[in-house]
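Shown next: model_5.pdb, given as PDB, C-alpha atoms.
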```pdb
ATOM      1  CA  MET A  18      30.161  79.495  56.156
ATOM      2  CA  THR A  19      31.269  75.996  57.092
ATOM      3  CA  PRO A  20      34.469  76.043  54.984
ATOM      4  CA  TYR A  21      35.708  79.177  56.768
ATOM      5  CA  ILE A  22      35.093  77.694  60.211
ATOM      6  CA  VAL A  23      36.863  74.544  59.065
ATOM      7  CA  ILE A  24      39.919  76.406  57.772
ATOM      8  CA  THR A  25      40.095  78.487  60.955
ATOM      9  CA  LEU A  26      39.976  75.335  63.094
ATOM     10  CA  PHE A  27      42.664  73.842  60.859
ATOM     11  CA  ALA A  28      44.955  76.856  61.386
ATOM     12  CA  VAL A  29      44.316  76.891  65.154
ATOM     13  CA  GLY A  30      45.085  73.157  65.181
ATOM     14  CA  ILE A  31      48.474  73.722  63.500
ATOM     15  CA  LEU A  32      49.403  76.394  66.066
ATOM     16  CA  LEU A  33      48.291  74.274  69.039
ATOM     17  CA  GLY A  34      50.011  71.266  67.513
ATOM     18  CA  ARG A  35      53.329  73.111  67.708
ATOM     19  CA  LEU A  36      53.017  72.954  71.505
ATOM     20  CA  LEU A  37      52.701  69.166  71.405
ATOM     21  CA  ARG A  38      55.870  68.484  69.445
ATOM     22  CA  GLU A  39      57.730  66.949  72.379
ATOM     23  CA  LYS A  40      54.734  65.054  73.785
ATOM     24  CA  ASP A  41      54.859  61.713  71.989
ATOM     25  CA  LYS A  42      51.934  60.178  73.842
ATOM     26  CA  ALA A  43      49.656  63.112  73.087
ATOM     27  CA  ARG A  44      50.698  62.948  69.439
ATOM     28  CA  ARG A  45      49.845  59.266  69.246
ATOM     29  CA  ASN A  46      46.415  59.953  70.738
ATOM     30  CA  VAL A  47      45.812  62.749  68.249
ATOM     31  CA  ASP A  48      46.665  60.435  65.371
ATOM     32  CA  LEU A  49      44.378  57.736  66.742
ATOM     33  CA  ALA A  50      41.490  60.194  67.147
ATOM     34  CA  LEU A  51      42.222  61.448  63.630
ATOM     35  CA  THR A  52      42.044  57.947  62.171
ATOM     36  CA  TRP A  53      38.694  57.255  63.858
ATOM     37  CA  SER A  54      37.184  60.569  62.863
ATOM     38  CA  VAL A  55      38.097  59.778  59.253
ATOM     39  CA  TYR A  56      36.385  56.370  59.614
ATOM     40  CA  LEU A  57      33.297  58.014  61.126
ATOM     41  CA  LEU A  58      33.055  60.633  58.394
ATOM     42  CA  LEU A  59      33.492  58.167  55.558
ATOM     43  CA  PHE A  60      30.890  55.939  57.187
ATOM     44  CA  LEU A  61      28.477  58.894  57.350
ATOM     45  CA  LEU A  62      29.284  59.819  53.747
ATOM     46  CA  GLY A  63      28.528  56.196  52.834
ATOM     47  CA  ILE A  64      25.105  56.406  54.487
ATOM     48  CA  SER A  65      24.142  59.658  52.798
ATOM     49  CA  VAL A  66      25.253  58.263  49.437
ATOM     50  CA  GLY A  67      23.391  55.002  50.103
ATOM     51  CA  ILE A  68      20.068  56.740  50.662
ATOM     52  CA  ASN A  69      20.569  58.915  47.578
ATOM     53  CA  GLU A  70      18.992  56.961  44.727
ATOM     54  CA  GLU A  71      20.308  59.299  42.057
ATOM     55  CA  ILE A  72      23.919  58.544  42.999
ATOM     56  CA  ILE A  73      23.355  54.805  43.420
ATOM     57  CA  GLY A  74      21.678  54.661  39.996
ATOM     58  CA  ASN A  75      24.634  56.437  38.341
ATOM     59  CA  PHE A  76      27.461  54.734  40.123
ATOM     60  CA  SER A  77      29.237  53.433  37.033
ATOM     61  CA  ARG A  78      29.154  56.868  35.418
ATOM     62  CA  ILE A  79      30.572  58.381  38.611
ATOM     63  CA  GLY A  80      33.378  55.811  38.637
ATOM     64  CA  TYR A  81      34.102  56.537  34.962
ATOM     65  CA  LYS A  82      34.364  60.287  35.621
ATOM     66  CA  ALA A  83      36.561  59.675  38.662
ATOM     67  CA  PHE A  84      38.908  57.475  36.634
ATOM     68  CA  TRP A  85      39.418  60.017  33.847
ATOM     69  CA  LEU A  86      39.912  62.854  36.302
ATOM     70  CA  THR A  87      42.667  60.812  37.930
ATOM     71  CA  ILE A  88      44.311  60.297  34.555
ATOM     72  CA  GLY A  89      44.131  64.068  33.994
ATOM     73  CA  ALA A  90      45.568  64.939  37.410
ATOM     74  CA  VAL A  91      48.379  62.371  37.273
ATOM     75  CA  GLY A  92      49.099  63.034  33.586
ATOM     76  CA  GLY A  93      49.366  66.805  34.064
ATOM     77  CA  SER A  94      51.578  66.342  37.122
ATOM     78  CA  ILE A  95      54.052  63.900  35.587
ATOM     79  CA  ILE A  96      54.460  65.903  32.380
ATOM     80  CA  LEU A  97      55.361  69.008  34.403
ATOM     81  CA  ALA A  98      57.515  66.841  36.682
ATOM     82  CA  LYS A  99      59.550  65.751  33.671
ATOM     83  CA  ILE A 100      60.052  69.322  32.468
ATOM     84  CA  VAL A 101      60.994  70.648  35.913
ATOM     85  CA  TYR A 102      63.308  67.690  36.528
ATOM     86  CA  ILE A 103      65.211  68.194  33.279
ATOM     87  CA  ILE A 104      65.567  71.952  33.692
ATOM     88  CA  PHE A 105      66.221  72.295  37.436
ATOM     89  CA  PHE A 106      67.220  69.005  39.015
ATOM     90  CA  LYS A 107      68.971  66.680  36.595
ATOM     91  CA  GLY A 108      72.194  68.683  36.317
ATOM     92  CA  ASN A 109      72.920  68.904  40.043
ATOM     93  CA  GLU A 110      71.992  65.522  41.434
ATOM     94  CA  GLU A 111      75.154  65.779  43.556
ATOM     95  CA  GLY A 112      73.843  68.855  45.326
ATOM     96  CA  VAL A 113      70.557  67.149  46.108
ATOM     97  CA  SER A 114      72.114  64.061  47.612
ATOM     98  CA  LYS A 115      74.239  66.083  50.029
ATOM     99  CA  ASN A 116      71.152  67.429  51.779
TER     100      ASN A 116
ATOM    101  CA  MET B   7      47.061  50.555  50.715
ATOM    102  CA  LYS B   8      45.818  48.837  53.860
ATOM    103  CA  GLY B   9      44.623  52.208  55.148
ATOM    104  CA  SER B  10      42.596  52.860  52.012
ATOM    105  CA  LEU B  11      40.999  49.410  52.226
ATOM    106  CA  ILE B  12      39.866  50.053  55.809
ATOM    107  CA  ILE B  13      38.495  53.461  54.857
ATOM    108  CA  LEU B  14      36.720  52.021  51.828
ATOM    109  CA  SER B  15      35.121  49.360  54.023
ATOM    110  CA  PHE B  16      33.743  51.992  56.412
ATOM    111  CA  PHE B  17      32.359  53.821  53.379
ATOM    112  CA  ALA B  18      30.905  50.566  52.013
ATOM    113  CA  LEU B  19      29.375  49.713  55.390
ATOM    114  CA  GLY B  20      27.578  53.063  55.489
ATOM    115  CA  LEU B  21      26.618  52.711  51.828
ATOM    116  CA  ILE B  22      25.038  49.282  52.230
ATOM    117  CA  GLY B  23      23.290  50.305  55.442
ATOM    118  CA  GLY B  24      21.977  53.404  53.664
ATOM    119  CA  ILE B  25      20.698  51.476  50.650
ATOM    120  CA  PHE B  26      18.783  49.023  52.861
ATOM    121  CA  SER B  27      17.745  51.708  55.410
ATOM    122  CA  LEU B  28      19.347  49.893  58.334
ATOM    123  CA  PHE B  29      20.262  52.962  60.363
ATOM    124  CA  PRO B  30      18.174  55.149  62.685
ATOM    125  CA  GLU B  31      17.105  58.649  61.617
ATOM    126  CA  TRP B  32      19.503  60.571  63.836
ATOM    127  CA  LEU B  33      22.545  59.162  61.997
ATOM    128  CA  LEU B  34      21.299  60.909  58.846
ATOM    129  CA  ASN B  35      21.401  64.320  60.469
ATOM    130  CA  GLU B  36      23.576  66.662  58.353
ATOM    131  CA  ASP B  37      24.788  68.540  61.442
ATOM    132  CA  LEU B  38      26.481  65.406  62.736
ATOM    133  CA  THR B  39      28.697  65.326  59.626
ATOM    134  CA  THR B  40      29.481  69.023  59.965
ATOM    135  CA  TYR B  41      30.576  68.717  63.599
ATOM    136  CA  ALA B  42      32.593  65.600  62.845
ATOM    137  CA  LEU B  43      34.278  67.565  60.053
ATOM    138  CA  PHE B  44      35.162  70.356  62.508
ATOM    139  CA  VAL B  45      36.792  67.804  64.801
ATOM    140  CA  LEU B  46      38.613  66.158  61.902
ATOM    141  CA  MET B  47      40.077  69.379  60.543
ATOM    142  CA  PHE B  48      41.218  70.524  63.953
ATOM    143  CA  LEU B  49      42.935  67.162  64.467
ATOM    144  CA  VAL B  50      44.554  67.275  61.011
ATOM    145  CA  GLY B  51      45.951  70.678  61.993
ATOM    146  CA  VAL B  52      47.265  69.431  65.336
ATOM    147  CA  SER B  53      48.777  66.411  63.638
ATOM    148  CA  ILE B  54      50.665  68.523  61.071
ATOM    149  CA  GLY B  55      51.670  71.134  63.649
ATOM    150  CA  SER B  56      53.013  68.562  66.102
ATOM    151  CA  ASP B  57      55.035  66.677  63.500
ATOM    152  CA  LYS B  58      58.663  67.137  64.521
ATOM    153  CA  GLY B  59      60.028  66.502  61.064
ATOM    154  CA  ALA B  60      57.598  68.638  59.107
ATOM    155  CA  PHE B  61      58.867  72.089  59.918
ATOM    156  CA  SER B  62      62.557  71.290  60.124
ATOM    157  CA  VAL B  63      62.391  69.763  56.647
ATOM    158  CA  ILE B  64      60.844  72.955  55.349
ATOM    159  CA  ARG B  65      63.475  75.131  56.985
ATOM    160  CA  LYS B  66      66.408  73.161  55.542
ATOM    161  CA  MET B  67      65.352  73.324  51.935
ATOM    162  CA  ASN B  68      66.364  75.774  49.274
ATOM    163  CA  LEU B  69      63.815  77.577  47.148
ATOM    164  CA  LYS B  70      64.070  75.142  44.255
ATOM    165  CA  ILE B  71      62.183  72.533  46.224
ATOM    166  CA  LEU B  72      59.085  74.759  46.148
ATOM    167  CA  LEU B  73      58.856  73.945  42.451
ATOM    168  CA  VAL B  74      57.792  70.391  43.280
ATOM    169  CA  PRO B  75      54.457  70.998  45.086
ATOM    170  CA  SER B  76      53.827  73.920  42.701
ATOM    171  CA  LEU B  77      54.141  71.699  39.668
ATOM    172  CA  VAL B  78      51.745  69.198  41.241
ATOM    173  CA  VAL B  79      49.187  71.967  41.825
ATOM    174  CA  VAL B  80      49.474  73.339  38.287
ATOM    175  CA  GLY B  81      49.638  69.879  36.693
ATOM    176  CA  SER B  82      46.680  68.427  38.630
ATOM    177  CA  LEU B  83      44.430  71.432  38.147
ATOM    178  CA  SER B  84      45.170  71.896  34.452
ATOM    179  CA  GLY B  85      44.975  68.153  33.779
ATOM    180  CA  THR B  86      41.555  67.822  35.425
ATOM    181  CA  ALA B  87      40.345  71.042  33.742
ATOM    182  CA  LEU B  88      41.291  69.550  30.391
ATOM    183  CA  ILE B  89      39.435  66.311  31.192
ATOM    184  CA  SER B  90      36.314  68.305  32.106
ATOM    185  CA  PHE B  91      36.092  69.514  28.500
ATOM    186  CA  LEU B  92      36.109  65.921  27.280
ATOM    187  CA  LEU B  93      33.512  64.669  29.778
ATOM    188  CA  HIS B  94      30.259  66.483  29.098
ATOM    189  CA  ASP B  95      28.725  66.110  32.555
ATOM    190  CA  ILE B  96      31.221  67.804  34.862
ATOM    191  CA  GLY B  97      32.061  71.499  35.123
ATOM    192  CA  VAL B  98      35.588  72.928  35.098
ATOM    193  CA  ARG B  99      35.415  74.023  38.742
ATOM    194  CA  GLU B 100      34.090  70.692  39.945
ATOM    195  CA  ALA B 101      36.768  68.798  38.016
ATOM    196  CA  MET B 102      39.538  71.038  39.355
ATOM    197  CA  ALA B 103      38.231  70.640  42.921
ATOM    198  CA  VAL B 104      38.511  66.869  42.534
ATOM    199  CA  GLY B 105      42.055  67.344  41.178
ATOM    200  CA  ALA B 106      42.880  69.559  44.178
ATOM    201  CA  GLY B 107      42.439  66.500  46.408
ATOM    202  CA  PHE B 108      46.003  65.495  45.337
ATOM    203  CA  GLY B 109      45.288  61.932  46.443
ATOM    204  CA  TYR B 110      44.146  62.925  49.934
ATOM    205  CA  TYR B 111      40.832  61.136  49.431
ATOM    206  CA  SER B 112      39.464  61.120  52.968
ATOM    207  CA  LEU B 113      39.691  64.846  53.488
ATOM    208  CA  SER B 114      38.906  65.989  49.948
ATOM    209  CA  SER B 115      35.804  63.805  49.587
ATOM    210  CA  ILE B 116      34.342  64.955  52.900
ATOM    211  CA  PHE B 117      35.136  68.561  52.131
ATOM    212  CA  ILE B 118      33.771  68.496  48.606
ATOM    213  CA  SER B 119      30.564  66.713  49.588
ATOM    214  CA  GLU B 120      30.034  69.359  52.258
ATOM    215  CA  ILE B 121      30.367  72.202  49.735
ATOM    216  CA  SER B 122      29.056  70.722  46.485
ATOM    217  CA  GLY B 123      26.958  67.714  47.421
ATOM    218  CA  GLN B 124      27.518  64.011  47.809
ATOM    219  CA  GLU B 125      27.765  63.089  44.167
ATOM    220  CA  LEU B 126      30.902  65.158  43.621
ATOM    221  CA  GLY B 127      32.133  63.923  46.998
ATOM    222  CA  VAL B 128      31.988  60.349  45.728
ATOM    223  CA  VAL B 129      33.782  61.328  42.502
ATOM    224  CA  ALA B 130      36.506  62.891  44.681
ATOM    225  CA  LEU B 131      36.711  59.841  46.922
ATOM    226  CA  LEU B 132      37.131  57.396  44.032
ATOM    227  CA  SER B 133      39.369  59.622  41.933
ATOM    228  CA  ASN B 134      41.781  60.304  44.770
ATOM    229  CA  ILE B 135      41.874  56.654  45.828
ATOM    230  CA  PHE B 136      42.699  55.807  42.192
ATOM    231  CA  ARG B 137      45.507  58.363  42.390
ATOM    232  CA  GLU B 138      47.081  56.572  45.321
ATOM    233  CA  ILE B 139      46.669  53.139  43.725
ATOM    234  CA  ILE B 140      48.009  54.258  40.320
ATOM    235  CA  THR B 141      51.028  55.785  42.060
ATOM    236  CA  LEU B 142      51.730  52.645  44.098
ATOM    237  CA  LEU B 143      51.582  50.516  40.974
ATOM    238  CA  SER B 144      53.357  52.723  38.455
ATOM    239  CA  VAL B 145      56.241  54.505  40.210
ATOM    240  CA  PRO B 146      58.926  52.274  38.634
ATOM    241  CA  PHE B 147      57.516  52.934  35.170
ATOM    242  CA  LEU B 148      57.012  56.665  35.800
ATOM    243  CA  VAL B 149      60.527  57.203  37.107
ATOM    244  CA  ARG B 150      61.955  55.523  34.062
ATOM    245  CA  TYR B 151      60.107  57.620  31.493
ATOM    246  CA  PHE B 152      59.321  60.862  33.327
ATOM    247  CA  GLY B 153      62.325  61.347  35.600
ATOM    248  CA  LYS B 154      62.912  61.241  39.325
ATOM    249  CA  LEU B 155      60.288  63.773  40.341
ATOM    250  CA  SER B 156      57.446  61.936  38.628
ATOM    251  CA  GLY B 157      56.690  59.488  41.464
ATOM    252  CA  ILE B 158      56.466  62.388  43.912
ATOM    253  CA  ALA B 159      54.310  64.328  41.458
ATOM    254  CA  SER B 160      51.974  61.407  40.869
ATOM    255  CA  GLY B 161      51.654  60.701  44.602
ATOM    256  CA  GLY B 162      50.682  64.298  45.410
ATOM    257  CA  ALA B 163      49.738  64.629  49.082
ATOM    258  CA  THR B 164      50.284  60.900  49.648
ATOM    259  CA  ALA B 165      54.015  61.262  48.860
ATOM    260  CA  MET B 166      54.598  62.068  52.552
ATOM    261  CA  ASP B 167      53.103  58.832  53.902
ATOM    262  CA  THR B 168      51.401  56.015  52.003
ATOM    263  CA  THR B 169      53.333  56.214  48.744
ATOM    264  CA  LEU B 170      56.632  57.358  50.309
ATOM    265  CA  PRO B 171      58.133  53.847  50.596
ATOM    266  CA  VAL B 172      57.755  53.074  46.869
ATOM    267  CA  ILE B 173      58.982  56.538  45.917
ATOM    268  CA  VAL B 174      62.119  56.176  48.036
ATOM    269  CA  LYS B 175      62.693  52.674  46.744
ATOM    270  CA  PHE B 176      62.647  53.677  43.082
ATOM    271  CA  THR B 177      64.086  57.197  43.201
ATOM    272  CA  GLY B 178      66.526  57.061  46.123
ATOM    273  CA  LYS B 179      66.676  58.365  49.684
ATOM    274  CA  GLU B 180      67.768  61.864  48.691
ATOM    275  CA  TYR B 181      64.396  62.328  47.032
ATOM    276  CA  GLY B 182      62.595  61.154  50.170
ATOM    277  CA  ILE B 183      62.961  64.587  51.768
ATOM    278  CA  ILE B 184      61.562  66.271  48.671
ATOM    279  CA  ALA B 185      58.651  63.797  48.731
ATOM    280  CA  ILE B 186      57.839  64.553  52.378
ATOM    281  CA  PHE B 187      58.119  68.294  51.827
ATOM    282  CA  SER B 188      55.894  68.239  48.760
ATOM    283  CA  GLY B 189      53.364  65.985  50.531
ATOM    284  CA  ILE B 190      53.137  68.301  53.553
ATOM    285  CA  ILE B 191      52.609  71.424  51.449
ATOM    286  CA  LEU B 192      49.964  69.703  49.311
ATOM    287  CA  THR B 193      48.177  68.309  52.394
ATOM    288  CA  ILE B 194      47.905  71.812  53.815
ATOM    289  CA  LEU B 195      46.706  73.138  50.445
ATOM    290  CA  VAL B 196      43.892  70.581  49.953
ATOM    291  CA  PRO B 197      41.200  72.264  52.111
ATOM    292  CA  ILE B 198      42.300  75.742  51.084
ATOM    293  CA  LEU B 199      42.318  75.118  47.332
ATOM    294  CA  VAL B 200      39.122  73.067  47.329
ATOM    295  CA  THR B 201      37.312  75.925  49.077
ATOM    296  CA  LEU B 202      38.817  78.581  46.805
ATOM    297  CA  ILE B 203      37.923  76.661  43.653
ATOM    298  CA  LEU B 204      34.343  75.862  44.625
ATOM    299  CA  GLU B 205      33.355  79.018  46.494
ATOM    300  CA  PHE B 206      34.758  81.820  44.340
TER     301      PHE B 206
END
```
As structure tokens - that is how I would like this structure written.
Amino acid sequence: MTPYIVITLFAVGILLGRLLREKDKARRNVDLALTWSVYLLLFLLGISVGINEEIIGNFSRIGYKAFWLTIGAVGGSIILAKIVYIIFFKGNEEGVSKN
Amino acid sequence: MKGSLIILSFFALGLIGGIFSLFPEWLLNEDLTTYALFVLMFLVGVSIGSDKGAFSVIRKMNLKILLVPSLVVVGSLSGTALISFLLHDIGVREAMAVGAGFGYYSLSSIFISEISGQELGVVALLSNIFREIITLLSVPFLVRYFGKLSGIASGGATAMDTTLPVIVKFTGKEYGIIAIFSGIILTILVPILVTLILEF
């Protein structure tokens, strides 16, 4: 249930945000509130991880998994980036720079 | 880089406090995290919606530019899926959900821990922080061997903000717009793809 509420709020936020485009002060406040809500959530995530002995006991394994998944994600992306660049972008660099 | 250090220290503060049981009971309430997540996602939406540049960039571009975020989606998801076959203790879906963070560690880790539990949330947090750090450190090398889109591809969602300066420096200003565009699309896709991958 939660993910659907979250995505709905996200979409509503984008639409409401469109109304704030010319209000620089409001935008700055939104970004500040955003930064602090990220801090709060990561702090809360930290607590729930800290009291979870299973995670604390396996931290090195978790780090190892995370590292290899990053290699997979970055590796897959840059290989496709090379292919797409050669086929679609390399030939018309001129066109790109005019934009 | 500075941003990720601050975020990591908030995480570490909570972590240490949790290990030594320094915090009162009410902070451990799951509902608190859920409501904070509602606020966060609404604010992320407002922030994207109110960005003056975001939508005009999208309107100016031709269709070819859509290839860039698409290749990051396909590359990240297939790369992490492949890794899940080599690591015996993570499922394909879980691995792909981590990959669908595209470097946006704060949002993806919170989201994933909400849906799949804290352990995967921590994997997502670390993995996506690594993605940002690897990008910051290796753009010059990547651009040389994998072409001018590779820095943008490696940066994923971070190509619109934290890794944008290095990308522009090593690939040129004309690629800056592509980087911002790709970053915006991927940022919007993070919550959607993570949910789709884990819930269906």
Hey, what comes out of the PyMOL selection byres ((chain A) within 6 of (chain B)) on this file? Could you write it as a ChimeraX atom specification? /A:23,26-27,30-31,34-35,37-38,51,54,56,59-60,63-64,67-68,79,83-84,86-87,89-91,93-95,98-99,114
Which distance in Å separates CA of Tyr110 in chain B and CA of Leu204 in chain B, to one decimal? 17.1 Å
Could you check how far CA of Leu62 in chain A sits from CA of Leu170 in chain B, in Å to one decimal?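 Pair CA of Leu62 in chain A / CA of Leu170 in chain B returns 27.7 Å.
Note that the spacing between CA of Ile103 in chain A and CA of Leu143 in chain B amounts to 23.6 Å.
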Missing atoms in range 156-166 of chain B should be modelled up to all heavy atoms and reported as a PDB file, keeping the file's coordinate frame.
```pdb
ATOM      1  N   SER B 156      58.787  62.322  39.074  1.00  0.00           N
ATOM      2  CA  SER B 156      57.446  61.936  38.628  1.00  0.00           C
ATOM      3  C   SER B 156      56.684  61.107  39.661  1.00  0.00           C
ATOM      4  O   SER B 156      55.467  61.246  39.785  1.00  0.00           O
ATOM      5  CB  SER B 156      57.530  61.191  37.300  1.00  0.00           C
ATOM      6  OG  SER B 156      58.317  60.041  37.464  1.00  0.00           O
ATOM      7  N   GLY B 157      57.378  60.261  40.432  1.00  0.00           N
ATOM      8  CA  GLY B 157      56.690  59.488  41.464  1.00  0.00           C
ATOM      9  C   GLY B 157      56.111  60.406  42.527  1.00  0.00           C
ATOM     10  O   GLY B 157      54.970  60.250  42.964  1.00  0.00           O
ATOM     11  N   ILE B 158      56.913  61.409  42.913  1.00  0.00           N
ATOM     12  CA  ILE B 158      56.466  62.388  43.912  1.00  0.00           C
ATOM     13  C   ILE B 158      55.287  63.181  43.368  1.00  0.00           C
ATOM     14  O   ILE B 158      54.310  63.433  44.068  1.00  0.00           O
ATOM     15  CB  ILE B 158      57.632  63.351  44.263  1.00  0.00           C
ATOM     16  CG1 ILE B 158      58.810  62.553  44.831  1.00  0.00           C
ATOM     17  CG2 ILE B 158      57.177  64.420  45.237  1.00  0.00           C
ATOM     18  CD1 ILE B 158      60.084  63.375  45.008  1.00  0.00           C
ATOM     19  N   ALA B 159      55.374  63.542  42.087  1.00  0.00           N
ATOM     20  CA  ALA B 159      54.310  64.328  41.458  1.00  0.00           C
ATOM     21  C   ALA B 159      53.022  63.512  41.363  1.00  0.00           C
ATOM     22  O   ALA B 159      51.934  64.015  41.650  1.00  0.00           O
ATOM     23  CB  ALA B 159      54.748  64.785  40.070  1.00  0.00           C
ATOM     24  N   SER B 160      53.153  62.252  40.995  1.00  0.00           N
ATOM     25  CA  SER B 160      51.974  61.407  40.869  1.00  0.00           C
ATOM     26  C   SER B 160      51.337  61.161  42.237  1.00  0.00           C
ATOM     27  O   SER B 160      50.118  61.181  42.392  1.00  0.00           O
ATOM     28  CB  SER B 160      52.377  60.091  40.212  1.00  0.00           C
ATOM     29  OG  SER B 160      51.309  59.189  40.230  1.00  0.00           O
ATOM     30  N   GLY B 161      52.165  60.963  43.255  1.00  0.00           N
ATOM     31  CA  GLY B 161      51.654  60.701  44.602  1.00  0.00           C
ATOM     32  C   GLY B 161      50.935  61.892  45.218  1.00  0.00           C
ATOM     33  O   GLY B 161      50.041  61.719  46.041  1.00  0.00           O
ATOM     34  N   GLY B 162      51.319  63.099  44.853  1.00  0.00           N
ATOM     35  CA  GLY B 162      50.682  64.298  45.410  1.00  0.00           C
ATOM     36  C   GLY B 162      50.829  64.353  46.918  1.00  0.00           C
ATOM     37  O   GLY B 162      51.923  64.207  47.451  1.00  0.00           O
ATOM     38  N   ALA B 163      49.699  64.528  47.621  1.00  0.00           N
ATOM     39  CA  ALA B 163      49.738  64.629  49.082  1.00  0.00           C
ATOM     40  C   ALA B 163      50.143  63.311  49.741  1.00  0.00           C
ATOM     41  O   ALA B 163      50.640  63.303  50.864  1.00  0.00           O
ATOM     42  CB  ALA B 163      48.379  65.076  49.612  1.00  0.00           C
ATOM     43  N   THR B 164      49.961  62.201  49.041  1.00  0.00           N
ATOM     44  CA  THR B 164      50.284  60.900  49.648  1.00  0.00           C
ATOM     45  C   THR B 164      51.791  60.619  49.639  1.00  0.00           C
ATOM     46  O   THR B 164      52.234  59.662  50.251  1.00  0.00           O
ATOM     47  CB  THR B 164      49.585  59.721  48.924  1.00  0.00           C
ATOM     48  OG1 THR B 164      50.184  59.539  47.636  1.00  0.00           O
ATOM     49  CG2 THR B 164      48.095  59.967  48.766  1.00  0.00           C
ATOM     50  N   ALA B 165      52.566  61.477  48.948  1.00  0.00           N
ATOM     51  CA  ALA B 165      54.015  61.262  48.860  1.00  0.00           C
ATOM     52  C   ALA B 165      54.693  61.359  50.230  1.00  0.00           C
ATOM     53  O   ALA B 165      55.809  60.904  50.412  1.00  0.00           O
ATOM     54  CB  ALA B 165      54.656  62.258  47.892  1.00  0.00           C
ATOM     55  N   MET B 166      53.993  61.960  51.228  1.00  0.00           N
ATOM     56  CA  MET B 166      54.598  62.068  52.552  1.00  0.00           C
ATOM     57  C   MET B 166      54.339  60.847  53.423  1.00  0.00           C
ATOM     58  O   MET B 166      54.985  60.653  54.430  1.00  0.00           O
ATOM     59  CB  MET B 166      54.091  63.313  53.284  1.00  0.00           C
ATOM     60  CG  MET B 166      52.618  63.249  53.628  1.00  0.00           C
ATOM     61  SD  MET B 166      51.980  64.773  54.370  1.00  0.00           S
ATOM     62  CE  MET B 166      52.528  64.588  56.051  1.00  0.00           C
TER      63      MET B 166
END
```
